[in-house]
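Raw model.pdb, PDB, C-alpha atoms:
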```
ATOM      1  CA  MET A 221      42.948  40.894 -18.906  1.00  0.00           C
ATOM      2  CA  ARG A 222      42.667  37.523 -20.643  1.00  0.00           C
ATOM      3  CA  ASN A 223      43.434  35.703 -17.363  1.00  0.00           C
ATOM      4  CA  ILE A 224      40.782  37.739 -15.541  1.00  0.00           C
ATOM      5  CA  LYS A 225      38.210  36.827 -18.215  1.00  0.00           C
ATOM      6  CA  ILE A 226      39.048  33.100 -17.929  1.00  0.00           C
ATOM      7  CA  LEU A 227      38.788  33.295 -14.136  1.00  0.00           C
ATOM      8  CA  TRP A 228      35.384  34.979 -14.439  1.00  0.00           C
ATOM      9  CA  ILE A 229      34.130  32.244 -16.791  1.00  0.00           C
ATOM     10  CA  LEU A 230      35.331  29.563 -14.368  1.00  0.00           C
ATOM     11  CA  LEU A 231      33.574  31.274 -11.471  1.00  0.00           C
ATOM     12  CA  LEU A 232      30.324  31.467 -13.450  1.00  0.00           C
ATOM     13  CA  SER A 233      30.607  27.778 -14.360  1.00  0.00           C
ATOM     14  CA  HIS A 234      31.191  26.868 -10.720  1.00  0.00           C
ATOM     15  CA  CYS A 235      28.143  28.872  -9.611  1.00  0.00           C
ATOM     16  CA  SER A 236      26.003  27.224 -12.266  1.00  0.00           C
ATOM     17  CA  LEU A 237      27.085  23.748 -11.129  1.00  0.00           C
ATOM     18  CA  ALA A 238      26.459  24.672  -7.506  1.00  0.00           C
ATOM     19  CA  GLN A 239      22.923  25.774  -8.317  1.00  0.00           C
ATOM     20  CA  ALA A 240      22.007  22.691 -10.365  1.00  0.00           C
ATOM     21  CA  LYS A 241      22.600  19.975  -7.791  1.00  0.00           C
ATOM     22  CA  THR A 242      21.710  16.286  -7.814  1.00  0.00           C
ATOM     23  CA  LEU A 243      20.234  14.864  -4.615  1.00  0.00           C
ATOM     24  CA  TYR A 244      20.582  11.157  -3.878  1.00  0.00           C
ATOM     25  CA  PHE A 245      17.970   8.943  -2.225  1.00  0.00           C
ATOM     26  CA  ASN A 246      17.745   5.188  -1.667  1.00  0.00           C
ATOM     27  CA  ARG A 247      15.644   3.289  -4.174  1.00  0.00           C
ATOM     28  CA  PRO A 248      12.324   2.370  -2.535  1.00  0.00           C
ATOM     29  CA  ALA A 249      10.449  -0.911  -2.908  1.00  0.00           C
ATOM     30  CA  ASP A 250       8.688  -1.004  -6.268  1.00  0.00           C
ATOM     31  CA  THR A 251       5.067  -0.076  -5.476  1.00  0.00           C
ATOM     32  CA  PRO A 252       2.619   2.290  -7.223  1.00  0.00           C
ATOM     33  CA  GLN A 253       3.026   4.655  -4.253  1.00  0.00           C
ATOM     34  CA  ALA A 254       6.814   4.695  -4.649  1.00  0.00           C
ATOM     35  CA  ARG A 255       6.600   5.287  -8.402  1.00  0.00           C
ATOM     36  CA  TYR A 256       4.143   8.126  -7.787  1.00  0.00           C
ATOM     37  CA  VAL A 257       6.405   9.775  -5.196  1.00  0.00           C
ATOM     38  CA  VAL A 258       9.488   9.458  -7.418  1.00  0.00           C
ATOM     39  CA  GLU A 259       7.732  11.052 -10.398  1.00  0.00           C
ATOM     40  CA  LEU A 260       6.164  13.802  -8.299  1.00  0.00           C
ATOM     41  CA  LEU A 261       9.384  14.730  -6.496  1.00  0.00           C
ATOM     42  CA  SER A 262      11.388  14.534  -9.723  1.00  0.00           C
ATOM     43  CA  LEU A 263       9.049  17.184 -11.154  1.00  0.00           C
ATOM     44  CA  ALA A 264       9.328  19.282  -7.998  1.00  0.00           C
ATOM     45  CA  TYR A 265      13.135  19.184  -7.935  1.00  0.00           C
ATOM     46  CA  LYS A 266      13.341  19.969 -11.638  1.00  0.00           C
ATOM     47  CA  ASP A 267      11.135  23.014 -11.037  1.00  0.00           C
ATOM     48  CA  ILE A 268      13.601  24.419  -8.486  1.00  0.00           C
ATOM     49  CA  GLY A 269      16.638  23.659 -10.651  1.00  0.00           C
ATOM     50  CA  HIS A 270      17.778  20.406  -9.072  1.00  0.00           C
ATOM     51  CA  SER A 271      17.546  16.718  -9.931  1.00  0.00           C
ATOM     52  CA  LEU A 272      16.739  13.537  -8.042  1.00  0.00           C
ATOM     53  CA  GLU A 273      18.658  10.300  -8.418  1.00  0.00           C
ATOM     54  CA  LEU A 274      17.976   6.884  -6.887  1.00  0.00           C
ATOM     55  CA  ILE A 275      20.734   4.592  -5.670  1.00  0.00           C
ATOM     56  CA  ASP A 276      20.565   1.005  -4.429  1.00  0.00           C
ATOM     57  CA  PHE A 277      20.940   1.083  -0.669  1.00  0.00           C
ATOM     58  CA  ASP A 278      20.129  -1.254   2.208  1.00  0.00           C
ATOM     59  CA  GLN A 279      16.562  -0.415   3.263  1.00  0.00           C
ATOM     60  CA  GLN A 280      17.281  -1.323   6.888  1.00  0.00           C
ATOM     61  CA  THR A 281      19.983   1.347   7.267  1.00  0.00           C
ATOM     62  CA  ALA A 282      18.608   4.024   4.914  1.00  0.00           C
ATOM     63  CA  LEU A 283      17.192   6.195   7.705  1.00  0.00           C
ATOM     64  CA  ILE A 284      20.455   6.066   9.640  1.00  0.00           C
ATOM     65  CA  ALA A 285      22.399   6.979   6.487  1.00  0.00           C
ATOM     66  CA  ALA A 286      20.019   9.849   5.708  1.00  0.00           C
ATOM     67  CA  ASN A 287      20.329  11.165   9.261  1.00  0.00           C
ATOM     68  CA  ALA A 288      24.136  11.019   8.933  1.00  0.00           C
ATOM     69  CA  GLY A 289      24.011  12.905   5.613  1.00  0.00           C
ATOM     70  CA  GLU A 290      25.245   9.950   3.549  1.00  0.00           C
ATOM     71  CA  LEU A 291      21.913  10.138   1.722  1.00  0.00           C
ATOM     72  CA  ASP A 292      20.251  13.485   1.098  1.00  0.00           C
ATOM     73  CA  GLY A 293      17.042  12.453   2.841  1.00  0.00           C
ATOM     74  CA  GLN A 294      14.087  10.114   2.479  1.00  0.00           C
ATOM     75  CA  LEU A 295      11.579  10.193  -0.366  1.00  0.00           C
ATOM     76  CA  GLY A 296       8.578   9.401   1.802  1.00  0.00           C
ATOM     77  CA  ARG A 297       8.259   8.693   5.515  1.00  0.00           C
ATOM     78  CA  ILE A 298       5.585   9.162   8.157  1.00  0.00           C
ATOM     79  CA  ALA A 299       5.423  12.188  10.459  1.00  0.00           C
ATOM     80  CA  GLY A 300       7.459  11.745  13.621  1.00  0.00           C
ATOM     81  CA  VAL A 301      10.654  10.496  11.998  1.00  0.00           C
ATOM     82  CA  THR A 302      12.483  13.483  13.469  1.00  0.00           C
ATOM     83  CA  ASP A 303      11.803  12.159  16.980  1.00  0.00           C
ATOM     84  CA  SER A 304      14.558   9.589  16.443  1.00  0.00           C
ATOM     85  CA  TYR A 305      16.443  11.141  13.508  1.00  0.00           C
ATOM     86  CA  ALA A 306      16.976  14.755  14.477  1.00  0.00           C
ATOM     87  CA  ASN A 307      18.978  15.756  11.371  1.00  0.00           C
ATOM     88  CA  LEU A 308      16.010  15.057   9.075  1.00  0.00           C
ATOM     89  CA  LEU A 309      13.580  17.871   8.304  1.00  0.00           C
ATOM     90  CA  TYR A 310      10.237  17.321   6.607  1.00  0.00           C
ATOM     91  CA  VAL A 311       8.552  19.225   3.815  1.00  0.00           C
ATOM     92  CA  ASP A 312       5.171  20.160   5.261  1.00  0.00           C
ATOM     93  CA  PHE A 313       3.110  18.824   2.373  1.00  0.00           C
ATOM     94  CA  PRO A 314       1.487  15.354   2.616  1.00  0.00           C
ATOM     95  CA  LEU A 315       2.376  13.299  -0.459  1.00  0.00           C
ATOM     96  CA  TYR A 316      -0.337  10.657   0.047  1.00  0.00           C
ATOM     97  CA  SER A 317      -2.231   8.844   2.795  1.00  0.00           C
ATOM     98  CA  PHE A 318      -2.404   5.147   3.645  1.00  0.00           C
ATOM     99  CA  ASN A 319      -3.858   2.858   6.309  1.00  0.00           C
ATOM    100  CA  LEU A 320      -2.067   0.673   8.811  1.00  0.00           C
ATOM    101  CA  GLN A 321      -4.072  -2.551   9.027  1.00  0.00           C
ATOM    102  CA  LEU A 322      -4.277  -5.467  11.432  1.00  0.00           C
ATOM    103  CA  ILE A 323      -4.887  -8.810   9.757  1.00  0.00           C
ATOM    104  CA  SER A 324      -5.602 -11.695  12.084  1.00  0.00           C
ATOM    105  CA  HIS A 325      -7.031 -15.197  12.445  1.00  0.00           C
ATOM    106  CA  CYS A 326      -8.744 -14.137  15.675  1.00  0.00           C
ATOM    107  CA  THR A 327     -11.902 -12.425  14.455  1.00  0.00           C
ATOM    108  CA  SER A 328     -12.959 -11.386  17.953  1.00  0.00           C
ATOM    109  CA  CYS A 329      -9.582 -10.276  19.348  1.00  0.00           C
ATOM    110  CA  SER A 330      -8.643  -6.693  20.048  1.00  0.00           C
ATOM    111  CA  PHE A 331      -5.147  -5.498  19.120  1.00  0.00           C
ATOM    112  CA  ASN A 332      -3.588  -6.225  22.497  1.00  0.00           C
ATOM    113  CA  GLN A 333      -5.139  -9.689  22.637  1.00  0.00           C
ATOM    114  CA  ILE A 334      -3.113 -10.835  19.628  1.00  0.00           C
ATOM    115  CA  GLU A 335      -0.475 -13.147  21.123  1.00  0.00           C
ATOM    116  CA  SER A 336       2.058 -13.002  18.272  1.00  0.00           C
ATOM    117  CA  MET A 337       2.533 -10.364  15.573  1.00  0.00           C
ATOM    118  CA  ALA A 338       4.507 -10.257  12.320  1.00  0.00           C
ATOM    119  CA  VAL A 339       5.823  -6.879  11.172  1.00  0.00           C
ATOM    120  CA  GLN A 340       7.942  -5.798   8.244  1.00  0.00           C
ATOM    121  CA  SER A 341      11.248  -4.463   9.521  1.00  0.00           C
ATOM    122  CA  GLY A 342      12.021  -0.873   8.633  1.00  0.00           C
ATOM    123  CA  TYR A 343       8.411   0.377   8.648  1.00  0.00           C
ATOM    124  CA  LEU A 344       8.311   2.811  11.551  1.00  0.00           C
ATOM    125  CA  VAL A 345       4.538   3.205  11.549  1.00  0.00           C
ATOM    126  CA  ALA A 346       4.045  -0.368  12.805  1.00  0.00           C
ATOM    127  CA  TYR A 347       6.606   0.007  15.585  1.00  0.00           C
ATOM    128  CA  GLN A 348       5.165   3.367  16.592  1.00  0.00           C
ATOM    129  CA  TYR A 349       1.652   1.931  16.794  1.00  0.00           C
ATOM    130  CA  MET A 350       2.814  -0.978  18.951  1.00  0.00           C
ATOM    131  CA  MET A 351       4.719   1.377  21.240  1.00  0.00           C
ATOM    132  CA  ASP A 352       1.785   3.776  21.573  1.00  0.00           C
ATOM    133  CA  ASN A 353      -0.550   0.878  22.410  1.00  0.00           C
ATOM    134  CA  ARG A 354       1.937  -0.939  24.654  1.00  0.00           C
ATOM    135  CA  TYR A 355       1.827  -4.195  22.771  1.00  0.00           C
ATOM    136  CA  LYS A 356       3.263  -7.001  24.925  1.00  0.00           C
ATOM    137  CA  GLY A 357       2.871 -10.050  22.684  1.00  0.00           C
ATOM    138  CA  GLU A 358       5.564 -11.858  20.716  1.00  0.00           C
ATOM    139  CA  LEU A 359       7.032  -9.799  17.870  1.00  0.00           C
ATOM    140  CA  ILE A 360       8.327 -11.448  14.677  1.00  0.00           C
ATOM    141  CA  GLU A 361      10.262  -9.213  12.255  1.00  0.00           C
ATOM    142  CA  VAL A 362      10.518 -10.181   8.582  1.00  0.00           C
ATOM    143  CA  LYS A 363      11.792  -8.506   5.418  1.00  0.00           C
ATOM    144  CA  SER A 364       8.650  -8.420   3.257  1.00  0.00           C
ATOM    145  CA  SER A 365       4.873  -8.319   3.330  1.00  0.00           C
ATOM    146  CA  ALA A 366       4.848 -11.711   1.564  1.00  0.00           C
ATOM    147  CA  ALA A 367       6.832 -13.197   4.472  1.00  0.00           C
ATOM    148  CA  GLN A 368       4.364 -11.661   6.937  1.00  0.00           C
ATOM    149  CA  LEU A 369       1.412 -13.234   5.171  1.00  0.00           C
ATOM    150  CA  ASN A 370       3.148 -16.608   4.798  1.00  0.00           C
ATOM    151  CA  LEU A 371       3.619 -16.747   8.566  1.00  0.00           C
ATOM    152  CA  LEU A 372      -0.015 -15.784   9.054  1.00  0.00           C
ATOM    153  CA  ILE A 373      -1.367 -18.332   6.550  1.00  0.00           C
ATOM    154  CA  GLN A 374       0.758 -21.070   8.138  1.00  0.00           C
ATOM    155  CA  LYS A 375      -0.601 -19.937  11.540  1.00  0.00           C
ATOM    156  CA  LYS A 376       2.898 -19.364  12.892  1.00  0.00           C
ATOM    157  CA  VAL A 377       1.694 -15.954  14.068  1.00  0.00           C
ATOM    158  CA  GLN A 378      -1.761 -14.878  15.122  1.00  0.00           C
ATOM    159  CA  GLY A 379      -1.679 -11.472  13.442  1.00  0.00           C
ATOM    160  CA  ALA A 380       0.247  -9.101  11.212  1.00  0.00           C
ATOM    161  CA  LEU A 381       0.548  -5.332  11.036  1.00  0.00           C
ATOM    162  CA  ILE A 382       0.614  -4.401   7.391  1.00  0.00           C
ATOM    163  CA  ILE A 383       0.254  -1.335   5.192  1.00  0.00           C
ATOM    164  CA  ASP A 384      -2.914  -1.423   3.084  1.00  0.00           C
ATOM    165  CA  PHE A 385      -1.258  -1.103  -0.334  1.00  0.00           C
ATOM    166  CA  HIS A 386       1.140  -3.925   0.527  1.00  0.00           C
ATOM    167  CA  LEU A 387      -1.767  -6.185   1.459  1.00  0.00           C
ATOM    168  CA  ARG A 388      -3.934  -5.293  -1.536  1.00  0.00           C
ATOM    169  CA  LYS A 389      -1.905  -7.213  -4.114  1.00  0.00           C
ATOM    170  CA  HIS A 390      -2.051 -10.413  -2.019  1.00  0.00           C
ATOM    171  CA  LEU A 391      -5.791 -10.395  -1.283  1.00  0.00           C
ATOM    172  CA  PRO A 392      -6.884 -12.260  -4.470  1.00  0.00           C
ATOM    173  CA  TYR A 393      -4.835 -15.263  -3.311  1.00  0.00           C
ATOM    174  CA  MET A 394      -6.100 -15.329   0.278  1.00  0.00           C
ATOM    175  CA  ASP A 395      -9.154 -16.859   1.920  1.00  0.00           C
ATOM    176  CA  VAL A 396     -10.478 -13.594   3.326  1.00  0.00           C
ATOM    177  CA  ASP A 397     -13.496 -15.313   4.917  1.00  0.00           C
ATOM    178  CA  THR A 398     -11.267 -16.861   7.574  1.00  0.00           C
ATOM    179  CA  ILE A 399      -9.447 -13.691   8.624  1.00  0.00           C
ATOM    180  CA  LYS A 400     -10.258 -10.252  10.002  1.00  0.00           C
ATOM    181  CA  ILE A 401      -8.837  -7.130   8.362  1.00  0.00           C
ATOM    182  CA  GLU A 402      -9.113  -3.976  10.439  1.00  0.00           C
ATOM    183  CA  ASP A 403      -8.020  -0.394   9.707  1.00  0.00           C
ATOM    184  CA  LEU A 404      -6.064   0.850  12.723  1.00  0.00           C
ATOM    185  CA  MET A 405      -5.077   4.343  11.622  1.00  0.00           C
ATOM    186  CA  THR A 406      -4.632   6.589   8.589  1.00  0.00           C
ATOM    187  CA  ILE A 407      -1.183   8.060   8.083  1.00  0.00           C
ATOM    188  CA  ASP A 408       0.255  10.791   5.864  1.00  0.00           C
ATOM    189  CA  SER A 409       3.591  10.360   4.124  1.00  0.00           C
ATOM    190  CA  PHE A 410       6.047  13.290   3.854  1.00  0.00           C
ATOM    191  CA  HIS A 411       9.304  14.027   2.063  1.00  0.00           C
ATOM    192  CA  TYR A 412      12.370  14.445   4.318  1.00  0.00           C
ATOM    193  CA  LEU A 413      15.689  16.184   3.696  1.00  0.00           C
ATOM    194  CA  HIS A 414      18.901  16.293   5.695  1.00  0.00           C
ATOM    195  CA  GLN A 415      19.261  19.604   7.519  1.00  0.00           C
ATOM    196  CA  LYS A 416      22.116  20.643   5.197  1.00  0.00           C
ATOM    197  CA  HIS A 417      19.398  21.109   2.550  1.00  0.00           C
ATOM    198  CA  ALA A 418      17.095  23.160   4.804  1.00  0.00           C
ATOM    199  CA  ALA A 419      17.076  26.046   2.304  1.00  0.00           C
ATOM    200  CA  LEU A 420      15.330  23.809  -0.259  1.00  0.00           C
ATOM    201  CA  ILE A 421      12.364  22.976   1.967  1.00  0.00           C
ATOM    202  CA  PRO A 422      10.296  26.176   1.509  1.00  0.00           C
ATOM    203  CA  LYS A 423      10.984  26.082  -2.244  1.00  0.00           C
ATOM    204  CA  LEU A 424       9.779  22.485  -2.492  1.00  0.00           C
ATOM    205  CA  LYS A 425       6.657  23.275  -0.475  1.00  0.00           C
ATOM    206  CA  VAL A 426       5.760  26.143  -2.818  1.00  0.00           C
ATOM    207  CA  THR A 427       6.399  23.966  -5.866  1.00  0.00           C
ATOM    208  CA  LEU A 428       4.326  21.056  -4.540  1.00  0.00           C
ATOM    209  CA  LYS A 429       1.419  23.396  -3.816  1.00  0.00           C
ATOM    210  CA  LYS A 430       1.753  24.762  -7.342  1.00  0.00           C
ATOM    211  CA  LEU A 431       1.665  21.238  -8.795  1.00  0.00           C
ATOM    212  CA  GLU A 432      -1.435  20.551  -6.708  1.00  0.00           C
ATOM    213  CA  GLN A 433      -3.190  23.712  -7.899  1.00  0.00           C
ATOM    214  CA  LYS A 434      -2.425  22.860 -11.515  1.00  0.00           C
ATOM    215  CA  GLY A 435      -4.008  19.426 -11.064  1.00  0.00           C
ATOM    216  CA  ILE A 436      -0.757  17.573 -11.765  1.00  0.00           C
ATOM    217  CA  ILE A 437      -0.800  15.738  -8.424  1.00  0.00           C
ATOM    218  CA  GLU A 438      -4.361  14.565  -9.065  1.00  0.00           C
ATOM    219  CA  VAL A 439      -3.311  13.288 -12.503  1.00  0.00           C
ATOM    220  CA  LEU A 440      -0.331  11.409 -11.025  1.00  0.00           C
ATOM    221  CA  LYS A 441      -2.483   9.852  -8.306  1.00  0.00           C
ATOM    222  CA  ALA A 442      -4.935   8.674 -10.947  1.00  0.00           C
ATOM    223  CA  LYS A 443      -2.054   7.332 -13.059  1.00  0.00           C
ATOM    224  CA  TYR A 444      -0.743   5.202 -10.195  1.00  0.00           C
ATOM    225  CA  ARG A 445      -4.190   4.540  -8.644  1.00  0.00           C
ATOM    226  CA  ILE A 446      -3.237   6.067  -5.324  1.00  0.00           C
TER
END
```

Rewritten as structure tokens:
Amino acid sequence: MRNIKILWILLLSHCSLAQAKTLYFNRPADTPQARYVVELLSLAYKDIGHSLELIDFDQQTALIAANAGELDGQLGRIAGVTDSYANLLYVDFPLYSFNLQLISHCTSCSFNQIESMAVQSGYLVAYQYMMDNRYKGELIEVKSSAAQLNLLIQKKVQGALIIDFHLRKHLPYMDVDTIKIEDLMTIDSFHYLHQKHAALIPKLKVTLKKLEQKGIIEVLKAKYRI
């Protein structure tokens, strides 16, 4: 009888640990948008009995690792990621919106007239836009928005595709009278999970809607000036 009772306690403990699971995601670049998403999703996971933990991981291979199940998903990515990473499923709730912008020295050029373009590697939205618009100019890939803008300022490229909140912090130090900044498209960002966590997706969607209805998402957006 005593052995049966111990076995029952161990089974209950195992079930409890299985229910309260930690999910691991790569640490994003430190931006207000990233801090907002981390806080929001931490609240959402806590509400469904799980926790979120960030680990340092190479940004360039994070999507591949998430698709392989080495990471549990991606905190925030644009719609369409599943076209190339079929094991990733998205939570159908937009976390926030942002603009893809073209910044260029050529104030009269259209997108396809830009002869050379700097993009930040790893940001799918820029590559997708170039593919959709059949861009045929020279493409320069760099690791940061600062590197993009340095190339532009030094006139080593004619234009740069950049996300609006990455550009915003650099604008006070730029001569904006000599460049053109154009909004190309508005994009929504979504949370993605590996398909092994598919059962969590409807729960997260319900929780995120609940946080929205309670005004918590609005408060967080105001906190991080999203």

For Leu283 (chain A), the nearest of the candidates A:Asn319, A:Tyr256, A:Glu432, A:His414, counting all atoms listed in the file: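 Going through A:Asn319, A:Tyr256, A:Glu432, A:His414 one by one, the smallest distance to Leu283 (chain A) is for A:His414.
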
Surrounding residues of Phe331 (chain A) excluding itself and chain neighbours under 2 positions, 12 Å, all atoms listed in the file, as an MDAnalysis selection string: chainID A and resid 321:329 333:337 349:350 352:357 378:381 400:404

Which residue of A:Val362, A:Leu243, A:Ile399, A:Leu440 approaches Tyr265 (chain A) most closely, using all atoms listed in the file: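 Using all atoms listed in the file, Tyr265 (chain A) sits closest to A:Leu243.
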
Residues returned when the PyMOL selection byres ((chain A and resi 437) around 12) runs on this file, as a VMD selection string: chain A and resid 256 to 257 259 to 261 263 to 264 313 to 316 427 to 436 438 to 446

Within 12 Å of file point (14.1, 23.2, -12.4), counting all atoms listed in the file, expressed as a count of residues only: 19

Given all atoms listed in the file as the counted atoms, nearest of A:Lys389, A:Glu273, A:Asp292, A:Leu308 to Pro252 (chain A):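 Result for the nearest residue to Pro252 (chain A): A:Lys389.
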
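The two atoms in question, CA of Ile298 (chain A) and CA of Asp408 (chain A), are spaced 6.0 Å apart.
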
All residues 9 Å or closer to Ile421 (chain A), all atoms listed in the file, same chain fewer than 4 positions away omitted, as a ChimeraX atom specification: /A:309-312,412-413,417,425-426

One-decimal distance in Å that lies between CA of Leu295 (chain A) and CA of His386 (chain A): 17.6 Å

Can you sort out region 398-419 of chain A so it carries N, CA, C and O atoms, written as a short mmCIF file (atom, residue, chain, number, x, y, z; two decimals), in the frame of the given file?
```cif
data_model
loop_
_atom_site.label_atom_id
_atom_site.label_comp_id
_atom_site.auth_asym_id
_atom_site.auth_seq_id
_atom_site.Cartn_x
_atom_site.Cartn_y
_atom_site.Cartn_z
N THR A 398 -11.78 -16.26 6.33
CA THR A 398 -11.27 -16.86 7.57
C THR A 398 -10.42 -15.89 8.40
O THR A 398 -9.88 -16.27 9.44
N ILE A 399 -10.28 -14.67 7.92
CA ILE A 399 -9.45 -13.69 8.62
C ILE A 399 -10.21 -12.38 8.84
O ILE A 399 -11.23 -12.12 8.19
N LYS A 400 -9.70 -11.59 9.76
CA LYS A 400 -10.26 -10.25 10.00
C LYS A 400 -9.24 -9.21 9.56
O LYS A 400 -8.05 -9.31 9.91
N ILE A 401 -9.70 -8.24 8.79
CA ILE A 401 -8.84 -7.13 8.36
C ILE A 401 -9.42 -5.85 8.94
O ILE A 401 -10.58 -5.51 8.69
N GLU A 402 -8.63 -5.16 9.72
CA GLU A 402 -9.11 -3.98 10.44
C GLU A 402 -8.20 -2.78 10.19
O GLU A 402 -6.98 -2.89 10.31
N ASP A 403 -8.78 -1.64 9.82
CA ASP A 403 -8.02 -0.39 9.71
C ASP A 403 -7.72 0.13 11.11
O ASP A 403 -8.64 0.34 11.91
N LEU A 404 -6.45 0.35 11.40
CA LEU A 404 -6.06 0.85 12.72
C LEU A 404 -5.89 2.36 12.74
O LEU A 404 -6.30 3.03 13.68
N MET A 405 -5.28 2.89 11.70
CA MET A 405 -5.08 4.34 11.62
C MET A 405 -4.71 4.75 10.21
O MET A 405 -4.20 3.94 9.43
N THR A 406 -5.01 6.01 9.88
CA THR A 406 -4.63 6.59 8.59
C THR A 406 -3.43 7.49 8.80
O THR A 406 -3.39 8.28 9.75
N ILE A 407 -2.46 7.35 7.92
CA ILE A 407 -1.18 8.06 8.08
C ILE A 407 -0.85 8.82 6.81
O ILE A 407 -1.10 8.35 5.70
N ASP A 408 -0.26 10.02 6.99
CA ASP A 408 0.26 10.79 5.86
C ASP A 408 1.74 10.52 5.69
O ASP A 408 2.47 10.30 6.67
N SER A 409 2.17 10.54 4.44
CA SER A 409 3.59 10.36 4.12
C SER A 409 4.18 11.70 3.68
O SER A 409 3.54 12.43 2.90
N PHE A 410 5.39 12.02 4.15
CA PHE A 410 6.05 13.29 3.85
C PHE A 410 7.45 13.05 3.29
O PHE A 410 8.06 12.02 3.54
N HIS A 411 7.93 14.05 2.57
CA HIS A 411 9.30 14.03 2.06
C HIS A 411 10.24 14.63 3.11
O HIS A 411 9.91 15.66 3.72
N TYR A 412 11.39 13.97 3.33
CA TYR A 412 12.37 14.44 4.32
C TYR A 412 13.71 14.76 3.65
O TYR A 412 14.13 14.06 2.72
N LEU A 413 14.36 15.81 4.15
CA LEU A 413 15.69 16.18 3.70
C LEU A 413 16.63 16.32 4.90
O LEU A 413 16.19 16.68 6.00
N HIS A 414 17.90 16.03 4.67
CA HIS A 414 18.90 16.29 5.70
C HIS A 414 18.97 17.80 5.92
O HIS A 414 18.76 18.60 5.01
N GLN A 415 19.28 18.19 7.15
CA GLN A 415 19.26 19.60 7.52
C GLN A 415 20.22 20.47 6.69
O GLN A 415 20.01 21.69 6.58
N LYS A 416 21.21 19.85 6.05
CA LYS A 416 22.12 20.64 5.20
C LYS A 416 21.39 21.20 3.98
O LYS A 416 21.89 22.11 3.30
N HIS A 417 20.20 20.63 3.68
CA HIS A 417 19.40 21.11 2.55
C HIS A 417 18.18 21.91 3.02
O HIS A 417 17.20 22.03 2.28
N ALA A 418 18.25 22.46 4.22
CA ALA A 418 17.10 23.16 4.80
C ALA A 418 16.58 24.28 3.90
O ALA A 418 15.38 24.55 3.85
N ALA A 419 17.48 24.92 3.17
CA ALA A 419 17.08 26.05 2.30
C ALA A 419 16.15 25.60 1.17
O ALA A 419 15.41 26.42 0.61
#
```
